[in-house]
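S.K.: First, the structure itself, so that you have it in front of you.
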Amino acid sequence: MSQSPSASISNSSEAAAKKRKTAAAASPNMALTAEAGSTQTPSTHIPKRGARACTACRKGKNRCEGEPEKKNAQALSNASVERLSRLEGQYLVMQSQMIGMQSSLDRILSAVQSNGSMAMPPPMYPPHMEPHREAGGMPPQHRNGFESGAGPSDRGRVFPPLPGFAPPSHKYANYGIVPSTAPSSDDESEDTLPRASLNAPIEALQGLANAAAEAAAAPSAEPPRHGLPYTGLVTDSEARELFNIFFAGCHLFIPLFDPSYDTYESLMERSPWTFDAILAVAGKIRSGNGPLSPSFYKCLEEAQGIARSSLFGPVVRKEAVQGMLLLAAWSTNGWLPSGHAMRMALDLGLHRALEKLAEDSGKQRSEEEERNLVVSARIWLCLYWFDHQMSLGTGRPIVLRDENTIRHCRILLTHPMASPTDVRLISLVELIAHKTQIYDFLAPLNGQVTGNTLSIIRRANDALDKWWSSCDELHRRTMDQDSLLRKVLAGELHYAKLWLVCVALRGVAWDKMPFEQRELAFQAKDAASNCLSIFLNSSEYRAALRYAVHDSLVTAAFSGLFLLKMANLFPTELDLGAITTQVEQLAQLLSDVAAERYALTLRIMLANLRRKVGLGSGMTTPAPPTMPPPPFAENMIVSPTSTFHDPGMPPPFTMEELGFVWPNDRGIFSPAAIPVWLQEQSLADLGLPVNGSDGIFLSMGKNGWAGDFAPMPEAW
């Protein structure tokens with residue numbers, strides 16, 4: 001009677017395990033034997049020829065004493081032992097994959113034989129993330145994504161739904177998570193088996209699973225969806241329009257792509273995840289201040305669903321890191337997705353790409369291998385910068401501190417496959433390296449401005465000036481003085497100098513500020529004013545703000561807030577009219593590009609300053625309100641009778657003071673919605689709060705994207 005494939009695999013794996021155990025137990029003795037040499041007495045046992053004869057003796061029909069095998073074992077070089085170890089490890093991987101293949105085949109056969117029944121393989125994501133499918137009659141399955149031995153009484157148990165969107169409705173799409181044949185930047189020496197050969201069977205089985213599931217599914221009027229996530233979410237003409245919007249400006253703020261390589265057709269084929277994320281970002285930008293389009297919601301739902309599917313499965317395509325990074329960059333809650341992108345990149349070995357590009361081993365790489373390394377290096381550098389910026393900007397610890405991974409970053413600039421935006425990417429990476437060192441020196445001082453602190457600040461300013469001079473020279477080779485990227489570079493220099501002082505002055509009280517600290521505050525005021533002037537006086541920069549990520553918007557908005565705080569502290573020493581005019585223009589500009597989170601924060605500070613210094617101080621008179629408040633802030637507007645007001649505090653702001661029209665004249669802005677850093681008791685604090693931008697700007701909601709989304713539970 002023949003055994004089943006699963007039984008054969010089980011028996012062979014047991015035999016292999018016993019063989020490995022025996023070999024592992026014998027290896028120490030071999031080493032000891034080699035060291036002992038002639039001190040050991042050789043065994044007099046003569047093995048049986050049929051059972052123990054070596055290959056040479058078998059071929060020569062000679063009597064075998066067992067010595068040749070021992071000599072060969074002792075003569076094994078370290079390289080051979082390492083190679084055997086690697087091959088054994090790869091054998092174990094193949095063995096585990098064979099077991100997985102057998103399991104997949106069993107599920108496929110079960111699905112085909114059921115011929116329309118619901119006994120299909122479990123999806124890659126938990127069914128509780130797809131309520132629309134359960135509503136269609138599909139029985140609930142294991143809701144935590146793991147096999148469970150629960151009895152019938154537990155089958156009706158319902159777990160809390162995951163927040164946000166459900167994943168896409170594709171049954172068994174691989175989403176780039178199942179390994180592909182695309183080359184990887186992982187180390188693959190000549191002694192290792194190529195990854196593609198190990199993963200090809202799984203891809204084939206995945207295709208069979210898709211086909212079997214479609215064959216077993218009940219007939220439906222809806223056409224079948226294939227493995228690729230992007231299959232007509234929007235029309236081709238609309239998709240091209242959105243794609244062109246993204247590459248009209250978004251790629252300048254997240255320099256992650258090469259437009260000559262990352263074309264419409266190429267990205268859609270290589271990474272539907274990244275393609276969906278691009279369309280979602282562009283859909284948001286296209287809508288501007290108007291209602292968000294169905295295309296935006298469709299593409300964001302698809303991209304976020306794929307992202308969730310990547311949390312508990314291996315990711316083998318570097319483009320997946322691009323998709324996750326895009327979702328993080330245009331969300332106000334980018335910390336967690338950027339961390340996931342960082343770990344995906346580390347798992348793929350992208351952090352080694354620059355080192356490989358820089359090494360001169362004499363081995364000629366193919367064009368495909370070279371392109372793979374360049375793209376991997378670009379993704380890693382962009383992710384390194386963004387993750388560090390998220391950490392410094394939100395007051396969270398920097399997780400990865402290995403600067404060796406960016407040491408050769410300028411090699412991209414001279415590479416034949418360099419992208420036009422690589423010069424901006426290198427500038428960002430080098431700037432964040434400076435800011436990280438500055439933060440490490442100043443943050444532990446907690447606002448104690450001593451002679452040593454002032455020395456650190458002077459050296460830091462010198463280093464920032466040298467950084468700008470070097471990077472501006474790189475830009476000048478291909479760009480004129482008024483080009484957008486050179487204006488952006490200058491704005492980043494001024495903001496870095498402002499940020500530097502705000503870190504040094506964290507927790508400092510203005511009424512006890514000595515002369516040295518006061519001088520620092522006014523230096524920061526000049527930097528903030530210069531930063532705003534670049535934003536407002538460059539028509540290219542003003543037009544590009546609609547494409548900007550949140551980090552760039554924070555740069556502009558925080559500069560305005562700092563100026564207003566300085567005007568509040570030193571009203572007789574500053575030009576209040578000039579400051580309020582600048583900030584009002586910035587608030588309107590941010591409103592025009594649908595950045596209401598930052599515009600409204602500025603309006604709150606403007607209203608506060610007008611109350612304190614009065615209209616006779618040279619401040620401009622606000623224009624009559626003509627626009628309604630932004631949708632995200634409507635839940636922050638309350639009735640005066642519904643909130644408690646402390647008599648010792650200023651009264652809440654009315655809608656008219658903030659420049660908004662409200663149907664109810666008695667509508668006020670809830671004081672509880674205003675961050676502590678902006679409240680009356682903190683107006684004298686010029687330093688950055690501990691939680692960075694999260695403690696400065698109004699909250700956007702739990703999903704990080706503006707729009708009409710269902711409320712998300714905090715079950716986790």
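Simple scheme: letters A, B, ... for chains in structure tokens order, numbers from 1 for residues in each chain, numbers from 1 for ligands in the order shown.
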Could you name the residues that touch His475 in chain A at 9 Å or less, counting only C-alpha atoms, but leaving out those on the same chain fewer than 4 positions away, as a list in words?
M.R.: Val423, Arg424, Cys471, Met479, Asp480, Leu485 and Arg486 of chain A
S.K.: I'd like the contact shell of Ser295 in chain A - 10 Å cut-off, only C-alpha atoms, skipping same-chain residues fewer than 2 positions apart - returned as an mmCIF file with N, CA, C and O atoms, in the first residue's frame.
M.R.:
data_model
loop_
_atom_site.group_PDB
_atom_site.id
_atom_site.type_symbol
_atom_site.label_atom_id
_atom_site.label_comp_id
_atom_site.auth_asym_id
_atom_site.auth_seq_id
_atom_site.Cartn_x
_atom_site.Cartn_y
_atom_site.Cartn_z
ATOM 1 N N LEU A 233 -9.649 49.612 -10.804
ATOM 2 C CA LEU A 233 -10.294 50.394 -9.751
ATOM 3 C C LEU A 233 -10.797 51.707 -10.319
ATOM 4 O O LEU A 233 -11.857 52.196 -9.937
ATOM 5 N N VAL A 234 -10.013 52.296 -11.204
ATOM 6 C CA VAL A 234 -10.434 53.481 -11.939
ATOM 7 C C VAL A 234 -10.127 53.228 -13.406
ATOM 8 O O VAL A 234 -9.382 52.309 -13.760
ATOM 9 N N THR A 235 -10.701 54.026 -14.262
ATOM 10 C CA THR A 235 -10.460 53.850 -15.693
ATOM 11 C C THR A 235 -9.011 54.168 -16.017
ATOM 12 O O THR A 235 -8.312 54.852 -15.262
ATOM 13 N N GLU A 238 -8.342 57.933 -16.206
ATOM 14 C CA GLU A 238 -8.277 58.595 -14.903
ATOM 15 C C GLU A 238 -7.008 58.186 -14.161
ATOM 16 O O GLU A 238 -6.378 59.009 -13.482
ATOM 17 N N ALA A 239 -6.641 56.912 -14.282
ATOM 18 C CA ALA A 239 -5.415 56.456 -13.621
ATOM 19 C C ALA A 239 -4.200 57.207 -14.163
ATOM 20 O O ALA A 239 -3.308 57.610 -13.409
ATOM 21 N N LEU A 242 -4.190 60.739 -12.696
ATOM 22 C CA LEU A 242 -3.710 60.760 -11.314
ATOM 23 C C LEU A 242 -2.208 60.500 -11.245
ATOM 24 O O LEU A 242 -1.489 61.111 -10.447
ATOM 25 N N LEU A 279 -1.969 56.556 -6.748
ATOM 26 C CA LEU A 279 -3.272 57.057 -7.187
ATOM 27 C C LEU A 279 -4.057 57.646 -6.022
ATOM 28 O O LEU A 279 -4.772 58.647 -6.183
ATOM 29 N N ALA A 280 -3.935 57.049 -4.841
ATOM 30 C CA ALA A 280 -4.641 57.575 -3.671
ATOM 31 C C ALA A 280 -4.116 58.959 -3.298
ATOM 32 O O ALA A 280 -4.898 59.890 -3.047
ATOM 33 N N ALA A 282 -2.534 61.092 -5.228
ATOM 34 C CA ALA A 282 -2.902 62.034 -6.282
ATOM 35 C C ALA A 282 -4.393 62.364 -6.240
ATOM 36 O O ALA A 282 -4.792 63.501 -6.526
ATOM 37 N N GLY A 283 -5.223 61.385 -5.876
ATOM 38 C CA GLY A 283 -6.655 61.663 -5.758
ATOM 39 C C GLY A 283 -6.945 62.680 -4.676
ATOM 40 O O GLY A 283 -7.819 63.547 -4.827
ATOM 41 N N LYS A 284 -6.224 62.607 -3.573
ATOM 42 C CA LYS A 284 -6.385 63.593 -2.504
ATOM 43 C C LYS A 284 -5.969 64.982 -2.973
ATOM 44 O O LYS A 284 -6.635 65.983 -2.705
ATOM 45 N N LEU A 292 -13.703 64.717 -1.401
ATOM 46 C CA LEU A 292 -12.821 63.696 -1.950
ATOM 47 C C LEU A 292 -13.605 62.769 -2.872
ATOM 48 O O LEU A 292 -14.752 62.413 -2.599
ATOM 49 N N SER A 293 -12.962 62.362 -3.948
ATOM 50 C CA SER A 293 -13.636 61.582 -4.985
ATOM 51 C C SER A 293 -13.717 60.114 -4.602
ATOM 52 O O SER A 293 -12.927 59.621 -3.782
ATOM 53 N N TYR A 297 -11.066 57.154 -2.371
ATOM 54 C CA TYR A 297 -11.428 56.159 -1.361
ATOM 55 C C TYR A 297 -11.130 54.739 -1.844
ATOM 56 O O TYR A 297 -10.648 53.904 -1.072
ATOM 57 N N LYS A 298 -11.410 54.457 -3.115
ATOM 58 C CA LYS A 298 -11.145 53.118 -3.642
ATOM 59 C C LYS A 298 -9.652 52.783 -3.576
ATOM 60 O O LYS A 298 -9.259 51.708 -3.117
ATOM 61 N N CYS A 299 -8.836 53.701 -4.059
ATOM 62 C CA CYS A 299 -7.398 53.421 -4.128
ATOM 63 C C CYS A 299 -6.768 53.372 -2.738
ATOM 64 O O CYS A 299 -5.886 52.543 -2.476
ATOM 65 N N LEU A 300 -7.226 54.256 -1.834
ATOM 66 C CA LEU A 300 -6.677 54.210 -0.479
ATOM 67 C C LEU A 300 -7.108 52.933 0.231
ATOM 68 O O LEU A 300 -6.313 52.314 0.957
ATOM 69 N N GLU A 301 -8.351 52.530 0.029
ATOM 70 C CA GLU A 301 -8.822 51.275 0.637
ATOM 71 C C GLU A 301 -7.989 50.104 0.150
ATOM 72 O O GLU A 301 -7.582 49.244 0.929
#
S.K.: Measuring between only C-alpha atoms, which one of A:Asp440, A:Leu606, A:Ala277, A:Ile306 shows the shortest distance to Ala328 in chain A?
M.R.: A:Ala277
S.K.: List every residue of range 458-571 of chain A that DSSP, applied to the backbone, labels as helix (DSSP H, G or I), and write the result as a count of residues only.
M.R.: 95
S.K.: For CA of Phe243 in chain A and CA of Asn372 in chain A, determine how far apart the two atoms are, in Å to one decimal place.
M.R.: 22.8 Å
S.K.: Could you check which of A:Ala509, A:Val554, A:Val593, A:Leu267 is closest to Gln389 in chain A, using only C-alpha atoms?
M.R.: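 Checking each of A:Ala509, A:Val554, A:Val593, A:Leu267 against Gln389 in chain A, counting only C-alpha atoms, the winner is A:Val554.
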